[in-house]
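The next block holds one structure in the form of structure tokens; read it before the comments.
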Amino acid sequence: MKTSSFDLLITALAPAIWGSTYIVTTQFLPQGYPLTVAVLRALPAGLLLLLFVRRLPWGTWWMRIAILGVLNFSFFQAMLFISAYRLPGGIAATVGAIQPLVVVVLARLLLGSPIHLLSVVAAIAGLVGVALLVLAPGAALDPLGIVAGLAGAASMAAGTVLSRRWQPPVSLLTFTAWQLTAGGILLLPVAFWFEPSLPPLTATNLLGLAWLSLIGAAVTYVIWFRGVARLPPSVASSLLLLSPMVAVLLGWIFLDQTLSAVQIAGSLLVVASIQLSHRAQSPSPQPATR
């Protein structure tokens with residue numbers, strides 16, 4: 001399947017913006033509330049979009065949206081924030097970078113997509129690139145954080161593939177509204193049961209939550225699901241490697257963190273892996289006929 005460079009660039013905006021999650025979580029939000037933060041990221045954005053589109057699922061779409069809501073939001077967001085709170089950003093990002101490899105396998109099983117050797121090489125190159133980019137020597141390996149990161153990567157990988165397989169005859173705004181709302185509602189009782197109430201929120205906390213919900217969820221997931229519908233799953237998932245790259249750049253710009261030659265090499269390898277993934281899905285040139 002031929003992929004459009006325009007679609008590739010537009011879709012890349014979503015994971016690039018998601019790269020700000022690391023700095024916003026650590027610098028703007030109260031610490032120790034991963035499930036509550038995940039709810040506040042998904043549910044307000046979903047309800048806002050739902051009020052705008054004013055359309056509900058029907059028939060089998062209730063079950064499908066519930067499944068997608070869990071995979072793309074409830075479970076994924078919970079695991080994302082647990083991993084972000086319990087692991088250094090580099091470890092969390094490296095664990096999550098396994099997702100493109102999972103997508104290649106799931107796309108074969110669920111969509112019948114062929115496994116291209118170049119796609120596998122691209123996914124491995126991206127994983128190595130992220131490790132070079134963010135993995136610090138002697139970083140702490142919290143077992144629960146590692147498991148959460150792996151589980152979150154597998155969850156969104158499955159959600160990406162199923163979002164491609166299940167395309168309802170509605171607008172992208174409606175599809176996004178359904179999933180955000182379902183994900184937030186399904187996660188709400190879990191957060192209520194397992195976590196204490198949030199402390200009084202400061203203006204900084206509210207600003208961080210507004211960014212994560214309105215921009216980091218409502219806007220970016222519309223962009224993301226548009227890309228998932230238009231790009232091969234392996235190409236779309238490769239773009240997620242931009243998140244840790246942006247996270248490192250934001251840390252360098254705003255937190256005075258270092259940017260070494262190894263990290264620059266990792267960034268270049270991430271970009272190269274995305275190009276390889278794109279090339280793997282491009283049709284081979286046909287021989288000229290006489």
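Residues are referred to by chain and number: the chain letter is A, B, ... according to the order shown in the structure tokens, the number counts from 1 in that chain, and ligands are numbered separately from 1 in the order shown.
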List the neighbours of Phe192 in chain A out to 10 Å using only C-alpha atoms; skip same-chain residues closer than 6 positions along the sequence, and give me the result as an MDAnalysis selection string.
-> chainID A and resid 35:36 39
Neighbours of range 236-244 of chain A within 6 Å (only C-alpha atoms; same-chain residues fewer than 6 positions away dropped), as a JSON list (two decimals) with N, CA and C atoms, in the first residue's frame?
[["chain", "number", "residue", "atom", "x", "y", "z"],
["A", 12, "ALA", "N", 2.15, 12.29, 12.19],
["A", 12, "ALA", "CA", 3.31, 12.42, 13.08],
["A", 12, "ALA", "C", 3.10, 13.50, 14.14],
["A", 15, "PRO", "N", 1.91, 11.81, 17.84],
["A", 15, "PRO", "CA", 2.93, 11.32, 18.77],
["A", 15, "PRO", "C", 3.95, 12.38, 19.16],
["A", 16, "ALA", "N", 4.19, 13.36, 18.28],
["A", 16, "ALA", "CA", 5.10, 14.45, 18.65],
["A", 16, "ALA", "C", 4.53, 15.23, 19.83],
["A", 18, "TRP", "N", 2.30, 14.02, 21.94],
["A", 18, "TRP", "CA", 2.30, 13.09, 23.09],
["A", 18, "TRP", "C", 3.65, 13.06, 23.79],
["A", 19, "GLY", "N", 4.71, 13.44, 23.09],
["A", 19, "GLY", "CA", 6.02, 13.50, 23.72],
["A", 19, "GLY", "C", 6.09, 14.48, 24.87],
["A", 93, "ALA", "N", 10.16, 4.94, 28.09],
["A", 93, "ALA", "CA", 10.09, 5.12, 26.64],
["A", 93, "ALA", "C", 10.67, 3.93, 25.90],
["A", 100, "PRO", "N", 5.94, -1.06, 17.84],
["A", 100, "PRO", "CA", 5.93, -1.34, 16.40],
["A", 100, "PRO", "C", 6.13, -2.81, 16.06],
["A", 274, "ILE", "N", 11.67, 5.16, 10.81],
["A", 274, "ILE", "CA", 10.37, 5.58, 10.26],
["A", 274, "ILE", "C", 10.43, 5.56, 8.73]]
With only C-alpha atoms as the basis for distance, which of A:Leu51, A:Leu231, A:Ala154, A:Ile264 is at the shortest distance from Val103 in chain A?
->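 Distance minimum relative to Val103 in chain A lands on A:Ala154.
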Which polymer residues have any atom within 9 Å of an atom of Leu50 in chain A, counting only C-alpha atoms, with same-chain residues fewer than 5 positions away left out, as a ChimeraX atom specification?
-> /A:45,55-56,173-174,176-178,181
Export, as a short mmCIF file (atom, residue, chain, number, x, y, z; two decimals), in the first residue's frame, the selected residues with N, CA and C atoms.
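Output (selection.cif):
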data_model
loop_
_atom_site.label_atom_id
_atom_site.label_comp_id
_atom_site.auth_asym_id
_atom_site.auth_seq_id
_atom_site.Cartn_x
_atom_site.Cartn_y
_atom_site.Cartn_z
N ALA A 45 -12.29 15.29 27.49
CA ALA A 45 -12.13 15.48 26.05
C ALA A 45 -13.21 14.72 25.29
N ARG A 55 -23.96 12.17 18.66
CA ARG A 55 -24.32 10.88 18.06
C ARG A 55 -23.74 9.75 18.89
N LEU A 56 -24.55 8.71 19.12
CA LEU A 56 -24.12 7.58 19.92
C LEU A 56 -23.93 6.35 19.04
N LEU A 173 -14.34 12.76 14.18
CA LEU A 173 -14.67 13.37 15.47
C LEU A 173 -15.57 12.45 16.28
N THR A 174 -16.56 11.86 15.61
CA THR A 174 -17.49 10.96 16.30
C THR A 174 -16.77 9.71 16.80
N THR A 176 -13.63 9.34 17.48
CA THR A 176 -12.74 9.72 18.58
C THR A 176 -13.53 9.99 19.84
N ALA A 177 -14.66 10.69 19.71
CA ALA A 177 -15.49 10.99 20.88
C ALA A 177 -15.96 9.72 21.56
N TRP A 178 -16.41 8.75 20.78
CA TRP A 178 -16.87 7.48 21.35
C TRP A 178 -15.77 6.81 22.16
N THR A 181 -14.66 8.81 25.38
CA THR A 181 -15.69 8.75 26.42
C THR A 181 -15.77 7.35 27.03
#
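Proximity to Gly266 in chain A was assessed for A:Ala14, A:Leu110, A:Leu118, A:Ala125 counting only C-alpha atoms; the smallest distance is recorded for A:Ala125.
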Quick one: residues within 9 Å of Leu209 in chain A, only C-alpha atoms counted, chain neighbours fewer than 3 positions away excluded, as number ranges by chain?
-> A: 24-25, 28-29, 37, 40-41, 204-206, 212-214
Keeping C-alpha atoms, export the residues of the selection given above as a PDB file, in the first residue's frame.
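This went into out_20.pdb:
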ATOM      1  CA  VAL A  24       3.813  17.756  31.816  1.00  0.00           C
ATOM      2  CA  THR A  25       3.331  14.750  34.127  1.00  0.00           C
ATOM      3  CA  PHE A  28       2.756  20.234  36.138  1.00  0.00           C
ATOM      4  CA  LEU A  29       0.737  17.474  37.831  1.00  0.00           C
ATOM      5  CA  VAL A  37      -4.832  11.595  35.627  1.00  0.00           C
ATOM      6  CA  LEU A  40      -9.032  13.355  33.492  1.00  0.00           C
ATOM      7  CA  ARG A  41      -7.140  13.154  30.237  1.00  0.00           C
ATOM      8  CA  THR A 204      -0.341  24.882  37.265  1.00  0.00           C
ATOM      9  CA  ASN A 205      -2.095  21.538  37.776  1.00  0.00           C
ATOM     10  CA  LEU A 206      -5.168  22.752  35.878  1.00  0.00           C
ATOM     11  CA  LEU A 212      -3.240  16.701  28.314  1.00  0.00           C
ATOM     12  CA  SER A 213      -7.006  16.554  27.753  1.00  0.00           C
ATOM     13  CA  LEU A 214      -7.807  19.197  25.132  1.00  0.00           C
TER      14      LEU A 214
END
May I ask which of the residues A:Pro44, A:Pro199, A:Gly129, A:Pro34 is the closest one to Trp211 in chain A, counting only C-alpha atoms?
->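 So, comparing all the options, the nearest one is A:Pro44.
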Find the distance between CA of Leu201 in chain A and CA of Tyr221 in chain A and write it in Å to one decimal.
->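 CA of Tyr221 in chain A lies 25.7 Å from CA of Leu201 in chain A.
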Have a look at CA of Leu80 in chain A and CA of Gly152 in chain A and let me know their distance in Å, one decimal.
->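 One can read the CA of Leu80 in chain A to CA of Gly152 in chain A distance as 6.0 Å.
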As a PyMOL selection string, list the residues of range 130-274 of chain A assigned to helix (DSSP H, G or I) by DSSP on the backbone atoms of this structure.
-> chain A and resi 130-134+143-165+172-194+203-230+233-254+261-274
